[in-house]
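One file, query_28.txt, carrying compact mmCIF, C-alpha atoms:
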```txt
# COMPACT_ATOMS: atom_id res chain seq x y z
CA MET Z 8 -95.05 72.02 167.14
CA ASN Z 9 -92.82 74.66 165.57
CA ILE Z 10 -89.95 73.39 163.46
CA VAL Z 11 -86.62 75.09 162.73
CA VAL Z 12 -84.93 74.31 159.42
CA GLY Z 13 -81.27 75.07 158.93
CA TYR Z 14 -81.00 76.18 155.31
CA ILE Z 15 -78.05 76.58 153.01
CA ASN Z 16 -78.28 77.01 149.26
CA THR Z 17 -77.31 73.41 148.40
CA PRO Z 18 -79.19 70.21 147.53
CA GLU Z 19 -78.90 69.25 151.21
CA GLY Z 20 -80.45 72.56 152.22
CA GLU Z 21 -83.30 72.04 149.77
CA ALA Z 22 -83.89 68.54 151.21
CA ALA Z 23 -84.06 70.05 154.71
CA VAL Z 24 -86.74 72.49 153.55
CA GLU Z 25 -88.73 69.68 151.89
CA TRP Z 26 -88.70 67.61 155.07
CA GLY Z 27 -89.43 70.68 157.17
CA ILE Z 28 -92.53 71.32 155.07
CA ARG Z 29 -93.64 67.71 155.54
CA GLU Z 30 -93.13 67.91 159.29
CA ALA Z 31 -94.91 71.27 159.58
CA LYS Z 32 -97.92 69.90 157.69
CA LEU Z 33 -97.93 66.71 159.74
CA ARG Z 34 -97.61 68.45 163.09
CA GLY Z 35 -99.51 71.65 162.31
CA GLY Z 36 -96.70 73.92 163.43
CA LYS Z 37 -94.93 76.97 162.13
CA LEU Z 38 -91.87 76.46 159.94
CA VAL Z 39 -88.91 78.67 160.85
CA VAL Z 40 -86.29 78.69 158.09
CA VAL Z 41 -82.89 79.97 159.22
CA HIS Z 42 -80.05 80.81 156.87
CA SER Z 43 -76.90 81.82 158.70
CA MET Z 44 -73.64 83.09 157.21
CA VAL Z 45 -70.65 84.10 159.28
CA GLY Z 46 -69.90 87.04 157.00
CA GLY Z 47 -66.71 89.06 156.67
CA ASP Z 48 -64.05 87.35 154.60
CA HIS Z 49 -65.88 84.01 154.68
CA GLU Z 50 -68.36 84.82 151.90
CA ASP Z 51 -68.41 86.99 148.80
CA ILE Z 52 -71.05 89.25 147.26
CA GLU Z 53 -72.17 86.55 144.82
CA GLU Z 54 -72.85 84.12 147.69
CA TYR Z 55 -74.98 86.75 149.44
CA ARG Z 56 -76.97 87.42 146.26
CA GLU Z 57 -77.54 83.72 145.51
CA SER Z 58 -78.58 83.01 149.10
CA ALA Z 59 -81.00 85.95 149.14
CA GLU Z 60 -82.60 84.74 145.90
CA ALA Z 61 -82.91 81.19 147.25
CA MET Z 62 -84.52 82.44 150.46
CA GLU Z 63 -86.99 84.51 148.44
CA ARG Z 64 -87.98 81.39 146.47
CA ILE Z 65 -88.53 79.53 149.75
CA ARG Z 66 -90.63 82.38 151.19
CA GLN Z 67 -92.77 82.45 148.05
CA ARG Z 68 -93.28 78.69 148.08
CA LEU Z 69 -94.27 78.64 151.76
CA HIS Z 70 -96.67 81.52 151.14
CA ASP Z 71 -98.15 79.77 148.06
CA GLU Z 72 -98.61 76.53 150.02
CA ASN Z 73 -100.24 78.46 152.89
CA ILE Z 74 -97.72 77.21 155.44
CA ASP Z 75 -97.37 79.24 158.61
CA HIS Z 76 -93.75 80.34 158.49
CA CYS Z 77 -91.06 82.89 159.10
CA THR Z 78 -87.58 83.17 157.69
CA HIS Z 79 -84.36 84.58 159.07
CA GLU Z 80 -81.21 85.45 157.18
CA TYR Z 81 -78.33 86.13 159.50
CA VAL Z 82 -74.91 87.57 158.72
CA ARG Z 83 -73.80 88.64 162.14
CA GLY Z 84 -70.58 86.80 162.83
CA GLN Z 85 -72.13 83.96 164.81
CA ARG Z 86 -71.67 80.34 163.94
CA PRO Z 87 -74.69 78.83 162.14
CA VAL Z 88 -75.04 76.37 165.04
CA ASP Z 89 -75.60 79.25 167.46
CA ASP Z 90 -78.17 80.90 165.20
CA LEU Z 91 -80.14 77.65 164.86
CA LEU Z 92 -80.14 76.93 168.57
CA GLU Z 93 -81.23 80.51 169.31
CA ALA Z 94 -84.08 80.11 166.81
CA VAL Z 95 -85.24 76.98 168.63
CA LYS Z 96 -85.45 78.94 171.88
CA SER Z 97 -87.01 82.09 170.49
CA HIS Z 98 -89.67 80.21 168.49
CA ASP Z 99 -90.28 77.50 171.10
CA ALA Z 100 -89.51 74.88 168.46
CA GLY Z 101 -89.76 71.18 169.14
CA MET Z 102 -87.56 69.98 166.29
CA ILE Z 103 -84.66 70.96 164.03
CA VAL Z 104 -84.32 69.74 160.44
CA ILE Z 105 -80.91 69.90 158.78
CA GLY Z 106 -79.45 68.59 155.56
CA ILE Z 107 -76.29 66.52 155.72
CA ARG Z 108 -73.90 65.31 153.08
CA SER Z 109 -72.10 62.02 152.97
CA ARG Z 110 -68.51 62.14 154.15
CA SER Z 111 -65.79 59.57 154.43
CA THR Z 112 -64.69 58.47 157.88
CA THR Z 113 -61.51 60.51 157.46
CA GLY Z 114 -63.52 63.56 156.40
CA LYS Z 115 -65.61 63.31 159.55
CA LEU Z 116 -62.50 63.24 161.71
CA LEU Z 117 -60.63 66.04 159.95
CA LEU Z 118 -63.43 68.51 159.30
CA GLY Z 119 -65.54 70.27 161.85
CA SER Z 120 -69.22 69.66 161.29
CA ASN Z 121 -72.11 71.98 162.02
CA ALA Z 122 -74.37 68.93 161.93
CA LEU Z 123 -72.41 67.17 164.66
CA GLU Z 124 -72.45 70.27 166.85
CA ILE Z 125 -76.20 70.67 166.38
CA LEU Z 126 -76.76 67.00 167.27
CA HIS Z 127 -74.58 67.35 170.34
CA ASP Z 128 -75.92 70.68 171.62
CA SER Z 129 -79.61 70.56 170.69
CA LYS Z 130 -82.16 70.08 173.44
CA VAL Z 131 -84.81 69.05 170.87
CA PRO Z 132 -84.86 66.19 168.35
CA VAL Z 133 -82.85 66.75 165.16
CA LEU Z 134 -83.92 65.26 161.85
CA CYS Z 135 -80.92 64.87 159.52
CA VAL Z 136 -81.76 64.35 155.83
CA LYS Z 137 -79.67 63.73 152.75
CA ALA Z 138 -80.30 65.40 149.42
CA ASN Z 139 -81.77 62.28 147.85
CA SER Z 140 -84.00 61.46 150.84
CA SER Z 141 -86.80 63.93 150.11
CA ASP Z 142 -88.35 61.78 147.37
```
As C-alpha cells - that is how I would like this structure written.
Amino acid sequence: MNIVVGYINTPEGEAAVEWGIREAKLRGGKLVVVHSMVGGDHEDIEEYRESAEAMERIRQRLHDENIDHCTHEYVRGQRPVDDLLEAVKSHDAGMIVIGIRSRSTTGKLLLGSNALEILHDSKVPVLCVKANSSD
C-alpha cells in the first residue's frame, strides 16, 4: 500500500515522516512525501530555502534506507489539503500520515486546521501523529 505523508518543516512534520517510514516498511508500499506551500505573500525566501533543505535531507534518508519513495514540493497556490488529497489519487495511496500539534479547545474553534479538513475530506485512513509519538 502506498502512503502519502504531509510534510512541513516542524517537529510534527518530522514525526509524520518517521511514522510514514514505519508504515511503508510494514506494508511494503511506496512513501510519497508531499510538502505544499501556498506561495505568494504567505512565505518568504528563507522559508523556501529551509523547506528545500529539509526535503533534500528526507530524500537522502529515504534513499539511504532503500525505501521506495517519491517527493513533491508544491508552491502553486493550492491549499496543502488539496495537494495531499490529489497525491492520494495520483499515487493510489491507501493512507495519509500527518503531524498534528496540541491545541486548546479555543484554538481548535478559532483557527482553521488543515488536519481537520484532511480528516473530513479523505477517502482513505488518516494517521495523525504528534511530535513526541515517534519514539
ask   = What is the atom CA of His70 of chain Z-atom CA of Tyr14 of chain Z distance in Å, reported with one decimal?
value = 17.1 Å
All file atoms of segment 63-70 of chain Z boxed axis-aligned, 5 Å per side, centre plus edges, as AutoDock Vina command-line options:
```
--center_x -91.8 --center_y 81.6 --center_z 149.1 --size_x 19.7 --size_y 15.9 --size_z 15.3
```
inquiry  = Show me the residues around (-76.7, 78.0, 164.1) - criterion: an atom at most 9 Å away, all atoms listed in the file counted - as a PyMOL selection string.
reply    = chain Z and resi 13+41-43+85-94+121+125
Output of the above residues as a PDB file, in the frame of the given file, restricted to C-alpha atoms:
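The result, written out as part11.pdb:
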```pdb
ATOM      1  CA  GLY Z  13     -81.270  75.070 158.930  1.00  0.00           C
ATOM      2  CA  VAL Z  41     -82.890  79.970 159.220  1.00  0.00           C
ATOM      3  CA  HIS Z  42     -80.050  80.810 156.870  1.00  0.00           C
ATOM      4  CA  SER Z  43     -76.900  81.820 158.700  1.00  0.00           C
ATOM      5  CA  GLN Z  85     -72.130  83.960 164.810  1.00  0.00           C
ATOM      6  CA  ARG Z  86     -71.670  80.340 163.940  1.00  0.00           C
ATOM      7  CA  PRO Z  87     -74.690  78.830 162.140  1.00  0.00           C
ATOM      8  CA  VAL Z  88     -75.040  76.370 165.040  1.00  0.00           C
ATOM      9  CA  ASP Z  89     -75.600  79.250 167.460  1.00  0.00           C
ATOM     10  CA  ASP Z  90     -78.170  80.900 165.200  1.00  0.00           C
ATOM     11  CA  LEU Z  91     -80.140  77.650 164.860  1.00  0.00           C
ATOM     12  CA  LEU Z  92     -80.140  76.930 168.570  1.00  0.00           C
ATOM     13  CA  GLU Z  93     -81.230  80.510 169.310  1.00  0.00           C
ATOM     14  CA  ALA Z  94     -84.080  80.110 166.810  1.00  0.00           C
ATOM     15  CA  ASN Z 121     -72.110  71.980 162.020  1.00  0.00           C
ATOM     16  CA  ILE Z 125     -76.200  70.670 166.380  1.00  0.00           C
TER      17      ILE Z 125
END
```
query = To one decimal place, how far is atom CA of Asn9 of chain Z from atom CA of Ala100 of chain Z in Å?
reply = 4.4 Å
message = Counting all atoms listed in the file, which residues sit no farther than 12 Å from the position (-90.2, 70.5, 153.8) in the file's frame? I'd like them as number ranges by chain.
response = Z: 10-14, 19-33, 37-40, 65, 68-69, 72, 74, 76, 103-106, 134, 136, 138, 140-142
Please produce an output containing C-alpha atoms for each residue in the selection, written as a PDB file, keeping the file's coordinate frame.
```
ATOM      1  CA  ILE Z  10     -89.950  73.390 163.460  1.00  0.00           C
ATOM      2  CA  VAL Z  11     -86.620  75.090 162.730  1.00  0.00           C
ATOM      3  CA  VAL Z  12     -84.930  74.310 159.420  1.00  0.00           C
ATOM      4  CA  GLY Z  13     -81.270  75.070 158.930  1.00  0.00           C
ATOM      5  CA  TYR Z  14     -81.000  76.180 155.310  1.00  0.00           C
ATOM      6  CA  GLU Z  19     -78.900  69.250 151.210  1.00  0.00           C
ATOM      7  CA  GLY Z  20     -80.450  72.560 152.220  1.00  0.00           C
ATOM      8  CA  GLU Z  21     -83.300  72.040 149.770  1.00  0.00           C
ATOM      9  CA  ALA Z  22     -83.890  68.540 151.210  1.00  0.00           C
ATOM     10  CA  ALA Z  23     -84.060  70.050 154.710  1.00  0.00           C
ATOM     11  CA  VAL Z  24     -86.740  72.490 153.550  1.00  0.00           C
ATOM     12  CA  GLU Z  25     -88.730  69.680 151.890  1.00  0.00           C
ATOM     13  CA  TRP Z  26     -88.700  67.610 155.070  1.00  0.00           C
ATOM     14  CA  GLY Z  27     -89.430  70.680 157.170  1.00  0.00           C
ATOM     15  CA  ILE Z  28     -92.530  71.320 155.070  1.00  0.00           C
ATOM     16  CA  ARG Z  29     -93.640  67.710 155.540  1.00  0.00           C
ATOM     17  CA  GLU Z  30     -93.130  67.910 159.290  1.00  0.00           C
ATOM     18  CA  ALA Z  31     -94.910  71.270 159.580  1.00  0.00           C
ATOM     19  CA  LYS Z  32     -97.920  69.900 157.690  1.00  0.00           C
ATOM     20  CA  LEU Z  33     -97.930  66.710 159.740  1.00  0.00           C
ATOM     21  CA  LYS Z  37     -94.930  76.970 162.130  1.00  0.00           C
ATOM     22  CA  LEU Z  38     -91.870  76.460 159.940  1.00  0.00           C
ATOM     23  CA  VAL Z  39     -88.910  78.670 160.850  1.00  0.00           C
ATOM     24  CA  VAL Z  40     -86.290  78.690 158.090  1.00  0.00           C
ATOM     25  CA  ILE Z  65     -88.530  79.530 149.750  1.00  0.00           C
ATOM     26  CA  ARG Z  68     -93.280  78.690 148.080  1.00  0.00           C
ATOM     27  CA  LEU Z  69     -94.270  78.640 151.760  1.00  0.00           C
ATOM     28  CA  GLU Z  72     -98.610  76.530 150.020  1.00  0.00           C
ATOM     29  CA  ILE Z  74     -97.720  77.210 155.440  1.00  0.00           C
ATOM     30  CA  HIS Z  76     -93.750  80.340 158.490  1.00  0.00           C
ATOM     31  CA  ILE Z 103     -84.660  70.960 164.030  1.00  0.00           C
ATOM     32  CA  VAL Z 104     -84.320  69.740 160.440  1.00  0.00           C
ATOM     33  CA  ILE Z 105     -80.910  69.900 158.780  1.00  0.00           C
ATOM     34  CA  GLY Z 106     -79.450  68.590 155.560  1.00  0.00           C
ATOM     35  CA  LEU Z 134     -83.920  65.260 161.850  1.00  0.00           C
ATOM     36  CA  VAL Z 136     -81.760  64.350 155.830  1.00  0.00           C
ATOM     37  CA  ALA Z 138     -80.300  65.400 149.420  1.00  0.00           C
ATOM     38  CA  SER Z 140     -84.000  61.460 150.840  1.00  0.00           C
ATOM     39  CA  SER Z 141     -86.800  63.930 150.110  1.00  0.00           C
ATOM     40  CA  ASP Z 142     -88.350  61.780 147.370  1.00  0.00           C
TER      41      ASP Z 142
END
```
note = Using all atoms listed in the file, the best pick from Z:Tyr55, Z:Met44, Z:Asp128, Z:Pro18 as closest to Arg108 of chain Z would be Z:Pro18
